[in-house]
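Worksheet: the structure to be examined is printed underneath.
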Amino acid sequence: MNNKTDELTYDLVNSEATIAMGSLLAKIIKDDLKQGLIVYLYGDLGAGKTTLTRGFVQGMGHKGNVKSPTYTLVEPYELGLWNIYHFDLYRLADPEELEYMGIRDYFGKNNCSFIEWPDKGEGFLPEADLIINIEYKNAERTIRFDAKTALSQFLLEKLSQYN
């Protein structure tokens, strides 16, 4: 029997639950994983991708505003040992633009990169450690985590212990 956790699904009753989930991911990364990862975020407009990322950034210790990088493509957060990069590629006209902005510099051991609309950057983004899909479920949301590396499997194993 395989003891590794490859996929988890949770219901999120409101935006506060989405923020709390992001904060919990931050706690696990700081306390247990102790290294960054690359997260692809999927979901329709308004599904909660930025809300989840907001919870993560705040959970990592950021005290200020966390806004969507829809027009800037990336919002950086430098938090001591950690760098968090929140990408929103929705308005990206050509994936090659990522090369011009030095996309490779955003990925490293102490960097957590959350990438909304990763399909728009295909060919220029590294593979994801973790894929998160947020879907509407009536007035609530369903969040599904899909581990793509041993690193994210460990993260999901820890996450499953909280629920």
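Naming works like this for the structure tokens: A, B, ... for the chains as they're shown, residue 1 at the start of each chain, ligands 1 onward in shown order.
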- prompt: Near Asn111 (chain A), counting only C-alpha atoms, which residues have an atom at most 7 Å away, once you skip same-chain residues fewer than 6 positions from it, shown as a VMD selection string?
  reply: chain A and resid 36 to 37 82 to 84
Please produce an output containing N, CA, C and O atoms for each residue in the selection, written as a PDB file, in the first residue's frame.
```
ATOM      1  N   GLY A  36      11.285  26.406   0.096  1.00  0.00           N
ATOM      2  CA  GLY A  36      10.238  26.921  -0.767  1.00  0.00           C
ATOM      3  C   GLY A  36       9.759  25.905  -1.786  1.00  0.00           C
ATOM      4  O   GLY A  36      10.286  24.797  -1.888  1.00  0.00           O
ATOM      5  N   LEU A  37       8.734  26.310  -2.542  1.00  0.00           N
ATOM      6  CA  LEU A  37       8.214  25.450  -3.586  1.00  0.00           C
ATOM      7  C   LEU A  37       7.492  26.277  -4.633  1.00  0.00           C
ATOM      8  O   LEU A  37       7.237  27.464  -4.439  1.00  0.00           O
ATOM      9  N   TRP A  82      12.710  34.260   3.795  1.00  0.00           N
ATOM     10  CA  TRP A  82      11.790  33.819   2.745  1.00  0.00           C
ATOM     11  C   TRP A  82      11.509  34.900   1.725  1.00  0.00           C
ATOM     12  O   TRP A  82      11.333  36.068   2.079  1.00  0.00           O
ATOM     13  N   ASN A  83      11.408  34.494   0.481  1.00  0.00           N
ATOM     14  CA  ASN A  83      10.915  35.350  -0.601  1.00  0.00           C
ATOM     15  C   ASN A  83       9.677  34.673  -1.169  1.00  0.00           C
ATOM     16  O   ASN A  83       9.704  33.485  -1.485  1.00  0.00           O
ATOM     17  N   ILE A  84       8.620  35.448  -1.266  1.00  0.00           N
ATOM     18  CA  ILE A  84       7.380  34.924  -1.830  1.00  0.00           C
ATOM     19  C   ILE A  84       7.065  35.755  -3.072  1.00  0.00           C
ATOM     20  O   ILE A  84       7.115  36.990  -3.032  1.00  0.00           O
TER      21      ILE A  84
END
```
Looking only at the backbone, which of the residues in chain A does DSSP tag as strand (DSSP E), as a CSV table (one decimal) with all heavy atoms, in the first residue's frame?
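Saved as states-v7.csv:
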```csv
chain,number,residue,atom,x,y,z
A,7,GLU,N,-2.9,13.5,-3.2
A,7,GLU,CA,-4.0,14.4,-3.5
A,7,GLU,C,-4.8,14.6,-2.2
A,7,GLU,O,-5.1,13.6,-1.5
A,7,GLU,CB,-4.8,13.9,-4.7
A,7,GLU,CG,-5.9,14.8,-5.1
A,7,GLU,CD,-6.6,14.3,-6.3
A,7,GLU,OE1,-6.0,14.0,-7.4
A,7,GLU,OE2,-7.8,14.1,-6.2
A,8,LEU,N,-5.2,15.8,-2.0
A,8,LEU,CA,-6.2,16.1,-0.9
A,8,LEU,C,-7.2,17.1,-1.4
A,8,LEU,O,-6.9,17.9,-2.2
A,8,LEU,CB,-5.5,16.8,0.3
A,8,LEU,CG,-4.5,15.9,1.1
A,8,LEU,CD1,-3.8,16.8,2.2
A,8,LEU,CD2,-5.3,14.8,1.8
A,9,THR,N,-8.4,17.0,-0.9
A,9,THR,CA,-9.5,17.9,-1.2
A,9,THR,C,-10.2,18.3,0.0
A,9,THR,O,-10.5,17.5,0.9
A,9,THR,CB,-10.5,17.2,-2.2
A,9,THR,OG1,-9.9,16.7,-3.3
A,9,THR,CG2,-11.7,18.1,-2.6
A,10,TYR,N,-10.5,19.6,0.1
A,10,TYR,CA,-11.3,20.2,1.2
A,10,TYR,C,-12.3,21.2,0.7
A,10,TYR,O,-12.2,21.7,-0.4
A,10,TYR,CB,-10.3,21.0,2.1
A,10,TYR,CG,-9.2,20.2,2.7
A,10,TYR,CD1,-7.9,20.2,2.2
A,10,TYR,CD2,-9.4,19.5,3.9
A,10,TYR,CE1,-6.9,19.5,2.8
A,10,TYR,CE2,-8.4,18.7,4.5
A,10,TYR,CZ,-7.2,18.8,3.9
A,10,TYR,OH,-6.2,18.0,4.5
A,11,ASP,N,-13.4,21.3,1.5
A,11,ASP,CA,-14.4,22.4,1.2
A,11,ASP,C,-14.0,23.6,2.0
A,11,ASP,O,-13.6,23.5,3.2
A,11,ASP,CB,-15.8,21.9,1.7
A,11,ASP,CG,-16.3,20.8,0.8
A,11,ASP,OD1,-15.9,20.7,-0.4
A,11,ASP,OD2,-17.1,19.9,1.3
A,12,LEU,N,-14.1,24.8,1.4
A,12,LEU,CA,-13.9,26.0,2.0
A,12,LEU,C,-15.2,26.8,2.1
A,12,LEU,O,-15.7,27.2,1.0
A,12,LEU,CB,-12.8,26.8,1.2
A,12,LEU,CG,-11.5,26.1,1.0
A,12,LEU,CD1,-10.6,26.9,0.0
A,12,LEU,CD2,-10.8,26.0,2.3
A,38,ILE,N,7.2,25.6,-5.7
A,38,ILE,CA,6.5,26.3,-6.9
A,38,ILE,C,5.1,25.7,-6.9
A,38,ILE,O,4.9,24.5,-7.0
A,38,ILE,CB,7.2,26.0,-8.2
A,38,ILE,CG1,8.6,26.6,-8.1
A,38,ILE,CG2,6.4,26.6,-9.4
A,38,ILE,CD1,9.5,26.1,-9.2
A,39,VAL,N,4.1,26.6,-6.8
A,39,VAL,CA,2.7,26.3,-6.8
A,39,VAL,C,2.0,26.8,-8.0
A,39,VAL,O,2.1,28.0,-8.3
A,39,VAL,CB,2.0,26.8,-5.5
A,39,VAL,CG1,0.5,26.5,-5.5
A,39,VAL,CG2,2.7,26.3,-4.3
A,40,TYR,N,1.3,26.0,-8.7
A,40,TYR,CA,0.4,26.4,-9.8
A,40,TYR,C,-1.0,26.5,-9.3
A,40,TYR,O,-1.4,25.6,-8.6
A,40,TYR,CB,0.4,25.5,-11.0
A,40,TYR,CG,1.6,25.4,-11.9
A,40,TYR,CD1,2.8,26.2,-11.6
A,40,TYR,CD2,1.6,24.7,-13.0
A,40,TYR,CE1,3.9,26.2,-12.5
A,40,TYR,CE2,2.7,24.6,-13.9
A,40,TYR,CZ,3.9,25.4,-13.6
A,40,TYR,OH,4.9,25.3,-14.4
A,41,LEU,N,-1.6,27.7,-9.5
A,41,LEU,CA,-3.0,27.9,-9.0
A,41,LEU,C,-4.0,27.9,-10.2
A,41,LEU,O,-3.8,28.7,-11.1
A,41,LEU,CB,-3.1,29.2,-8.3
A,41,LEU,CG,-2.3,29.3,-7.0
A,41,LEU,CD1,-2.2,30.8,-6.6
A,41,LEU,CD2,-2.9,28.5,-5.9
A,42,TYR,N,-5.0,27.0,-10.1
A,42,TYR,CA,-6.0,27.0,-11.2
A,42,TYR,C,-7.3,27.3,-10.6
A,42,TYR,O,-7.6,27.0,-9.4
A,42,TYR,CB,-6.0,25.6,-11.8
A,42,TYR,CG,-4.8,25.3,-12.7
A,42,TYR,CD1,-3.8,24.5,-12.1
A,42,TYR,CD2,-4.8,25.7,-14.0
A,42,TYR,CE1,-2.7,24.2,-12.9
A,42,TYR,CE2,-3.7,25.4,-14.8
A,42,TYR,CZ,-2.6,24.6,-14.2
A,42,TYR,OH,-1.5,24.3,-15.0
A,74,VAL,N,3.8,40.3,-11.2
A,74,VAL,CA,4.3,39.7,-10.1
A,74,VAL,C,4.3,40.7,-8.9
A,74,VAL,O,4.6,41.8,-9.1
A,74,VAL,CB,5.7,39.1,-10.3
A,74,VAL,CG1,6.7,40.2,-10.7
A,74,VAL,CG2,6.2,38.3,-9.1
A,75,GLU,N,4.0,40.2,-7.7
A,75,GLU,CA,4.1,41.0,-6.5
A,75,GLU,C,5.1,40.2,-5.6
A,75,GLU,O,4.9,39.1,-5.2
A,75,GLU,CB,2.8,41.1,-5.7
A,75,GLU,CG,1.8,42.1,-6.3
A,75,GLU,CD,2.3,43.5,-6.1
A,75,GLU,OE1,3.0,43.8,-5.2
A,75,GLU,OE2,1.9,44.3,-7.0
A,76,PRO,N,6.3,40.9,-5.3
A,76,PRO,CA,7.3,40.2,-4.4
A,76,PRO,C,7.1,40.5,-3.0
A,76,PRO,O,6.7,41.7,-2.6
A,76,PRO,CB,8.6,40.8,-4.9
A,76,PRO,CG,8.2,42.1,-5.4
A,76,PRO,CD,6.8,42.1,-5.9
A,77,TYR,N,7.4,39.6,-2.1
A,77,TYR,CA,7.3,39.8,-0.6
A,77,TYR,C,8.6,39.2,-0.1
A,77,TYR,O,8.8,38.0,-0.1
A,77,TYR,CB,6.1,39.1,0.0
A,77,TYR,CG,4.8,39.6,-0.6
A,77,TYR,CD1,4.2,39.0,-1.7
A,77,TYR,CD2,4.1,40.7,-0.1
A,77,TYR,CE1,3.0,39.4,-2.3
A,77,TYR,CE2,2.9,41.2,-0.6
A,77,TYR,CZ,2.4,40.5,-1.7
A,77,TYR,OH,1.2,41.0,-2.3
A,78,GLU,N,9.4,40.1,0.4
A,78,GLU,CA,10.7,39.6,1.0
A,78,GLU,C,10.5,39.6,2.5
A,78,GLU,O,10.3,40.7,3.1
A,78,GLU,CB,11.8,40.5,0.6
A,78,GLU,CG,12.1,40.4,-0.9
A,78,GLU,CD,13.2,41.4,-1.4
A,78,GLU,OE1,13.8,42.1,-0.6
A,78,GLU,OE2,13.4,41.4,-2.6
A,79,LEU,N,10.6,38.4,3.1
A,79,LEU,CA,10.2,38.3,4.6
A,79,LEU,C,11.4,37.6,5.3
A,79,LEU,O,11.3,36.4,5.5
A,79,LEU,CB,8.9,37.5,4.7
A,79,LEU,CG,7.7,38.1,4.0
A,79,LEU,CD1,6.5,37.1,4.0
A,79,LEU,CD2,7.3,39.4,4.6
A,82,TRP,N,12.7,34.3,3.8
A,82,TRP,CA,11.8,33.8,2.7
A,82,TRP,C,11.5,34.9,1.7
A,82,TRP,O,11.3,36.1,2.1
A,82,TRP,CB,10.5,33.4,3.4
A,82,TRP,CG,10.6,32.2,4.3
A,82,TRP,CD1,10.7,32.2,5.6
A,82,TRP,CD2,10.7,30.8,3.9
A,82,TRP,NE1,10.9,31.0,6.1
A,82,TRP,CE2,10.8,30.1,5.1
A,82,TRP,CE3,10.7,30.2,2.7
A,82,TRP,CZ2,11.0,28.7,5.1
A,82,TRP,CZ3,10.8,28.8,2.7
A,82,TRP,CH2,10.9,28.1,3.8
A,83,ASN,N,11.4,34.5,0.5
A,83,ASN,CA,10.9,35.3,-0.6
A,83,ASN,C,9.7,34.7,-1.2
A,83,ASN,O,9.7,33.5,-1.5
A,83,ASN,CB,12.0,35.5,-1.7
A,83,ASN,CG,13.2,36.2,-1.2
A,83,ASN,OD1,13.1,37.3,-0.6
A,83,ASN,ND2,14.3,35.6,-1.5
A,84,ILE,N,8.6,35.4,-1.3
A,84,ILE,CA,7.4,34.9,-1.8
A,84,ILE,C,7.1,35.8,-3.1
A,84,ILE,O,7.1,37.0,-3.0
A,84,ILE,CB,6.2,35.0,-0.8
A,84,ILE,CG1,6.6,34.2,0.4
A,84,ILE,CG2,4.9,34.5,-1.4
A,84,ILE,CD1,5.8,34.6,1.6
A,85,TYR,N,6.8,35.1,-4.1
A,85,TYR,CA,6.4,35.7,-5.4
A,85,TYR,C,5.0,35.3,-5.8
A,85,TYR,O,4.8,34.1,-6.0
A,85,TYR,CB,7.5,35.4,-6.5
A,85,TYR,CG,8.8,35.9,-6.1
A,85,TYR,CD1,9.8,35.0,-5.6
A,85,TYR,CD2,9.2,37.2,-6.1
A,85,TYR,CE1,11.1,35.4,-5.3
A,85,TYR,CE2,10.4,37.7,-5.7
A,85,TYR,CZ,11.4,36.7,-5.3
A,85,TYR,OH,12.6,37.1,-4.9
A,86,HIS,N,4.1,36.2,-6.0
A,86,HIS,CA,2.8,35.9,-6.4
A,86,HIS,C,2.6,36.4,-7.8
A,86,HIS,O,2.7,37.6,-8.1
A,86,HIS,CB,1.8,36.7,-5.5
A,86,HIS,CG,0.4,36.4,-5.8
A,86,HIS,ND1,-0.6,37.3,-5.4
A,86,HIS,CD2,-0.3,35.5,-6.6
A,86,HIS,CE1,-1.8,36.9,-5.8
A,86,HIS,NE2,-1.6,35.8,-6.6
A,87,PHE,N,2.5,35.5,-8.7
A,87,PHE,CA,2.3,35.8,-10.2
A,87,PHE,C,0.9,35.7,-10.6
A,87,PHE,O,0.2,34.8,-10.1
A,87,PHE,CB,3.1,34.8,-11.0
A,87,PHE,CG,4.6,34.8,-10.9
A,87,PHE,CD1,5.3,34.1,-9.9
A,87,PHE,CD2,5.4,35.6,-11.7
A,87,PHE,CE1,6.6,34.1,-9.7
A,87,PHE,CE2,6.8,35.7,-11.6
A,87,PHE,CZ,7.4,34.9,-10.6
A,88,ASP,N,0.5,36.6,-11.4
A,88,ASP,CA,-0.8,36.5,-12.1
A,88,ASP,C,-0.6,36.7,-13.6
A,88,ASP,O,-0.3,37.8,-14.0
A,88,ASP,CB,-1.8,37.5,-11.5
A,88,ASP,CG,-3.2,37.3,-12.1
A,88,ASP,OD1,-3.4,36.7,-13.2
A,88,ASP,OD2,-4.2,37.8,-11.5
A,111,ASN,N,12.5,30.4,-1.9
A,111,ASN,CA,11.4,31.1,-2.6
A,111,ASN,C,10.2,30.3,-2.7
A,111,ASN,O,10.3,29.1,-3.1
A,111,ASN,CB,11.9,31.5,-4.0
A,111,ASN,CG,13.1,32.5,-3.9
A,111,ASN,OD1,13.5,33.0,-2.9
A,111,ASN,ND2,13.7,32.7,-5.1
A,112,CYS,N,9.1,30.9,-2.4
A,112,CYS,CA,7.8,30.3,-2.6
A,112,CYS,C,7.1,31.1,-3.7
A,112,CYS,O,6.9,32.3,-3.6
A,112,CYS,CB,6.9,30.3,-1.4
A,112,CYS,SG,7.6,29.3,0.0
A,113,SER,N,6.8,30.4,-4.8
A,113,SER,CA,6.2,31.1,-6.0
A,113,SER,C,4.8,30.5,-6.2
A,113,SER,O,4.6,29.3,-6.4
A,113,SER,CB,7.0,30.9,-7.2
A,113,SER,OG,8.3,31.5,-7.1
A,114,PHE,N,3.8,31.4,-6.1
A,114,PHE,CA,2.4,31.1,-6.4
A,114,PHE,C,2.0,31.7,-7.7
A,114,PHE,O,2.1,32.9,-7.9
A,114,PHE,CB,1.5,31.6,-5.3
A,114,PHE,CG,1.5,30.8,-4.0
A,114,PHE,CD1,2.7,30.8,-3.2
A,114,PHE,CD2,0.5,30.0,-3.6
A,114,PHE,CE1,2.7,30.1,-2.1
A,114,PHE,CE2,0.5,29.3,-2.5
A,114,PHE,CZ,1.6,29.3,-1.7
A,115,ILE,N,1.7,30.8,-8.7
A,115,ILE,CA,1.5,31.3,-10.1
A,115,ILE,C,0.0,31.0,-10.5
A,115,ILE,O,-0.4,29.9,-10.7
A,115,ILE,CB,2.5,30.6,-11.0
A,115,ILE,CG1,3.9,30.7,-10.5
A,115,ILE,CG2,2.3,31.1,-12.4
A,115,ILE,CD1,4.9,29.8,-11.2
A,116,GLU,N,-0.7,32.1,-10.7
A,116,GLU,CA,-2.1,32.0,-11.2
A,116,GLU,C,-2.0,32.0,-12.7
A,116,GLU,O,-1.2,32.7,-13.3
A,116,GLU,CB,-2.9,33.2,-10.8
A,116,GLU,CG,-3.1,33.3,-9.3
A,116,GLU,CD,-4.0,34.4,-8.9
A,116,GLU,OE1,-5.0,34.7,-9.6
A,116,GLU,OE2,-3.8,35.0,-7.8
A,130,LEU,N,3.5,21.7,-6.6
A,130,LEU,CA,2.2,21.5,-6.1
A,130,LEU,C,1.2,22.2,-7.0
A,130,LEU,O,1.4,23.3,-7.4
A,130,LEU,CB,2.1,22.1,-4.7
A,130,LEU,CG,0.7,22.0,-4.0
A,130,LEU,CD1,0.3,20.5,-3.8
A,130,LEU,CD2,0.7,22.7,-2.7
A,131,ILE,N,0.1,21.5,-7.4
A,131,ILE,CA,-0.9,22.1,-8.2
A,131,ILE,C,-2.2,22.2,-7.3
A,131,ILE,O,-2.6,21.3,-6.6
A,131,ILE,CB,-1.3,21.3,-9.4
A,131,ILE,CG1,-0.1,21.3,-10.4
A,131,ILE,CG2,-2.5,21.8,-10.1
A,131,ILE,CD1,-0.2,20.5,-11.6
A,132,ILE,N,-2.7,23.5,-7.2
A,132,ILE,CA,-3.9,23.7,-6.4
A,132,ILE,C,-5.0,24.2,-7.4
A,132,ILE,O,-4.8,25.1,-8.2
A,132,ILE,CB,-3.7,24.8,-5.4
A,132,ILE,CG1,-2.6,24.4,-4.4
A,132,ILE,CG2,-5.0,25.2,-4.7
A,132,ILE,CD1,-2.2,25.4,-3.4
A,133,ASN,N,-6.2,23.5,-7.3
A,133,ASN,CA,-7.3,23.8,-8.1
A,133,ASN,C,-8.5,24.3,-7.2
A,133,ASN,O,-8.8,23.5,-6.3
A,133,ASN,CB,-7.7,22.7,-9.0
A,133,ASN,CG,-8.7,23.0,-10.0
A,133,ASN,OD1,-9.6,23.8,-9.8
A,133,ASN,ND2,-8.5,22.4,-11.2
A,134,ILE,N,-9.0,25.5,-7.4
A,134,ILE,CA,-10.1,25.9,-6.5
A,134,ILE,C,-11.3,26.1,-7.5
A,134,ILE,O,-11.3,26.7,-8.5
A,134,ILE,CB,-9.8,27.3,-5.9
A,134,ILE,CG1,-8.5,27.2,-5.1
A,134,ILE,CG2,-10.9,27.8,-5.0
A,134,ILE,CD1,-8.0,28.5,-4.5
A,135,GLU,N,-12.4,25.4,-7.1
A,135,GLU,CA,-13.6,25.4,-7.9
A,135,GLU,C,-14.8,25.8,-7.1
A,135,GLU,O,-14.9,25.6,-5.9
A,135,GLU,CB,-13.9,24.0,-8.4
A,135,GLU,CG,-12.8,23.4,-9.3
A,135,GLU,CD,-13.0,22.0,-9.7
A,135,GLU,OE1,-13.9,21.3,-9.1
A,135,GLU,OE2,-12.3,21.6,-10.6
A,136,TYR,N,-15.7,26.4,-7.8
A,136,TYR,CA,-17.0,26.8,-7.1
A,136,TYR,C,-17.8,25.6,-6.8
A,136,TYR,O,-17.8,24.6,-7.5
A,136,TYR,CB,-17.8,27.7,-8.1
A,136,TYR,CG,-17.3,29.0,-8.3
A,136,TYR,CD1,-16.6,29.3,-9.5
A,136,TYR,CD2,-17.4,30.1,-7.4
A,136,TYR,CE1,-16.1,30.6,-9.8
A,136,TYR,CE2,-16.9,31.3,-7.7
A,136,TYR,CZ,-16.2,31.6,-8.9
A,136,TYR,OH,-15.7,32.8,-9.1
A,137,LYS,N,-18.4,25.6,-5.6
A,137,LYS,CA,-19.3,24.5,-5.2
A,137,LYS,C,-20.5,25.3,-4.5
A,137,LYS,O,-20.4,25.5,-3.3
A,137,LYS,CB,-18.6,23.6,-4.2
A,137,LYS,CG,-19.5,22.4,-3.8
A,137,LYS,CD,-18.7,21.5,-2.8
A,137,LYS,CE,-19.6,20.5,-2.3
A,137,LYS,NZ,-18.9,19.7,-1.3
A,140,GLU,N,-19.9,27.9,-1.8
A,140,GLU,CA,-18.7,27.6,-1.2
A,140,GLU,C,-17.6,27.3,-2.3
A,140,GLU,O,-17.9,27.4,-3.5
A,140,GLU,CB,-18.8,26.3,-0.3
A,140,GLU,CG,-19.7,26.5,0.9
A,140,GLU,CD,-19.9,25.3,1.7
A,140,GLU,OE1,-19.3,24.2,1.4
A,140,GLU,OE2,-20.7,25.3,2.7
A,141,ARG,N,-16.4,26.9,-1.9
A,141,ARG,CA,-15.4,26.5,-2.8
A,141,ARG,C,-14.9,25.1,-2.4
A,141,ARG,O,-14.9,24.7,-1.2
A,141,ARG,CB,-14.2,27.5,-2.8
A,141,ARG,CG,-14.6,28.9,-3.0
A,141,ARG,CD,-14.9,29.2,-4.4
A,141,ARG,NE,-15.0,30.6,-4.7
A,141,ARG,CZ,-16.1,31.4,-4.6
A,141,ARG,NH1,-17.2,30.8,-4.1
A,141,ARG,NH2,-16.1,32.6,-4.9
A,142,THR,N,-14.3,24.4,-3.4
A,142,THR,CA,-13.6,23.2,-3.1
A,142,THR,C,-12.2,23.4,-3.6
A,142,THR,O,-11.9,23.9,-4.6
A,142,THR,CB,-14.2,22.0,-3.9
A,142,THR,OG1,-15.6,21.8,-3.5
A,142,THR,CG2,-13.4,20.7,-3.7
A,143,ILE,N,-11.2,23.0,-2.7
A,143,ILE,CA,-9.8,23.2,-3.0
A,143,ILE,C,-9.2,21.8,-3.1
A,143,ILE,O,-9.4,20.9,-2.3
A,143,ILE,CB,-9.1,24.0,-2.0
A,143,ILE,CG1,-7.7,24.3,-2.4
A,143,ILE,CG2,-9.1,23.4,-0.6
A,143,ILE,CD1,-7.0,25.4,-1.6
A,144,ARG,N,-8.5,21.5,-4.2
A,144,ARG,CA,-7.8,20.2,-4.4
A,144,ARG,C,-6.3,20.5,-4.6
A,144,ARG,O,-5.9,21.3,-5.4
A,144,ARG,CB,-8.4,19.5,-5.7
A,144,ARG,CG,-7.9,18.1,-5.8
A,144,ARG,CD,-8.4,17.4,-7.0
A,144,ARG,NE,-7.8,17.9,-8.2
A,144,ARG,CZ,-8.5,18.5,-9.2
A,144,ARG,NH1,-9.7,18.7,-9.1
A,144,ARG,NH2,-7.8,18.9,-10.2
A,145,PHE,N,-5.6,19.7,-3.8
A,145,PHE,CA,-4.1,19.8,-3.8
A,145,PHE,C,-3.6,18.5,-4.5
A,145,PHE,O,-4.0,17.4,-4.2
A,145,PHE,CB,-3.5,19.8,-2.4
A,145,PHE,CG,-4.0,21.0,-1.6
A,145,PHE,CD1,-5.1,20.9,-0.7
A,145,PHE,CD2,-3.2,22.1,-1.6
A,145,PHE,CE1,-5.4,22.0,0.0
A,145,PHE,CE2,-3.6,23.2,-0.9
A,145,PHE,CZ,-4.7,23.1,0.0
A,146,ASP,N,-2.7,18.7,-5.5
A,146,ASP,CA,-2.2,17.6,-6.2
A,146,ASP,C,-0.6,17.7,-6.2
A,146,ASP,O,0.0,18.6,-6.7
A,146,ASP,CB,-2.6,17.7,-7.7
A,146,ASP,CG,-2.2,16.5,-8.5
A,146,ASP,OD1,-1.7,15.5,-8.0
A,146,ASP,OD2,-2.4,16.6,-9.8
A,147,ALA,N,0.0,16.8,-5.4
A,147,ALA,CA,1.4,16.8,-5.3
A,147,ALA,C,2.1,16.3,-6.5
A,147,ALA,O,1.7,15.2,-7.0
A,147,ALA,CB,1.8,15.9,-4.1
```
field: Close residues, Gly22 (chain A) itself excluded, 8 Å, only C-alpha atoms, min 5 positions apart in chain, as a ChimeraX atom specification
entry: /A:52-57,59
task: Choose the residue, out of A:Ala139, A:Gln35, A:Lys158, A:Glu96, that has the smallest atom-to-atom separation from Ser15 (chain A); count only C-alpha atoms.
output: A:Ala139
message: As an exercise, work out the distance from CA of Asp94 (chain A) to CA of Lys120 (chain A) in Å and give it to one decimal place.
response: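 Taking CA of Asp94 (chain A) as the start and CA of Lys120 (chain A) as the end point, the length is 7.6 Å.
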message: Would you pick out the contacts of Leu92 (chain A) at 12 Å or less, using only C-alpha atoms, so that residues sharing its chain but fewer than 6 positions from it are not included, and give the list as a ChimeraX atom specification?
response: /A:69-74,98,101,116-122
Output the selection as a compact mmCIF listing (two decimals), in the first residue's frame - N, CA, C and O atoms for each residue.
```
# COMPACT_ATOMS: atom_id res chain seq x y z
N PRO A 69 -1.57 40.69 -8.44
CA PRO A 69 -0.62 41.27 -9.40
C PRO A 69 -1.13 41.22 -10.84
O PRO A 69 -0.36 41.05 -11.77
N THR A 70 -2.42 41.41 -11.02
CA THR A 70 -3.02 41.29 -12.34
C THR A 70 -2.35 42.19 -13.37
O THR A 70 -2.13 41.78 -14.50
N TYR A 71 -1.98 43.40 -12.99
CA TYR A 71 -1.40 44.33 -13.96
C TYR A 71 0.12 44.37 -13.90
O TYR A 71 0.77 44.77 -14.86
N THR A 72 0.71 43.95 -12.79
CA THR A 72 2.17 43.99 -12.64
C THR A 72 2.82 42.65 -12.95
O THR A 72 4.03 42.55 -13.00
N LEU A 73 2.05 41.61 -13.12
CA LEU A 73 2.46 40.21 -13.34
C LEU A 73 3.02 39.54 -12.10
O LEU A 73 2.82 38.36 -11.89
N VAL A 74 3.76 40.27 -11.25
CA VAL A 74 4.32 39.65 -10.05
C VAL A 74 4.35 40.66 -8.91
O VAL A 74 4.63 41.84 -9.11
N LEU A 98 8.07 36.57 -20.06
CA LEU A 98 8.61 36.08 -18.80
C LEU A 98 10.13 36.02 -18.84
O LEU A 98 10.80 36.28 -17.85
N MET A 101 11.60 39.44 -18.21
CA MET A 101 11.52 39.92 -16.82
C MET A 101 12.40 39.11 -15.88
O MET A 101 12.38 39.32 -14.68
N GLU A 116 -0.71 32.11 -10.68
CA GLU A 116 -2.06 32.03 -11.22
C GLU A 116 -1.98 32.02 -12.73
O GLU A 116 -1.16 32.71 -13.31
N TRP A 117 -2.83 31.23 -13.38
CA TRP A 117 -2.90 31.11 -14.83
C TRP A 117 -1.56 30.64 -15.41
O TRP A 117 -1.03 31.23 -16.34
N PRO A 118 -0.99 29.56 -14.86
CA PRO A 118 0.33 29.11 -15.32
C PRO A 118 0.37 28.67 -16.78
O PRO A 118 1.43 28.71 -17.41
N ASP A 119 -0.77 28.29 -17.35
CA ASP A 119 -0.80 27.88 -18.76
C ASP A 119 -0.32 29.00 -19.68
O ASP A 119 0.24 28.74 -20.74
N LYS A 120 -0.52 30.24 -19.25
CA LYS A 120 -0.11 31.39 -20.07
C LYS A 120 1.41 31.52 -20.14
O LYS A 120 1.92 32.22 -21.01
N GLY A 121 2.13 30.86 -19.24
CA GLY A 121 3.59 30.93 -19.22
C GLY A 121 4.24 29.63 -19.67
O GLY A 121 5.44 29.43 -19.44
N GLU A 122 3.46 28.77 -20.30
CA GLU A 122 3.96 27.46 -20.70
C GLU A 122 5.24 27.59 -21.53
O GLU A 122 5.35 28.43 -22.41
```
message: DSSP on the backbone, alpha helix (DSSP H) only: what residues of region 48-163 of chain A does that give? Format it as an NGL selection string.
response: :A and (49-59 or 97-100 or 150-160)
task: Can you work out which one of A:Ala93, A:Lys109, A:Arg104, A:Met60 has the shortest atom-to-atom distance to Asp31 (chain A), counting only C-alpha atoms?
output: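 Nearest to Asp31 (chain A): A:Met60.
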- prompt: CA of Ala128 (chain A) to CA of Glu16 (chain A): how many Å, to one decimal?
  reply: 25.8 Å
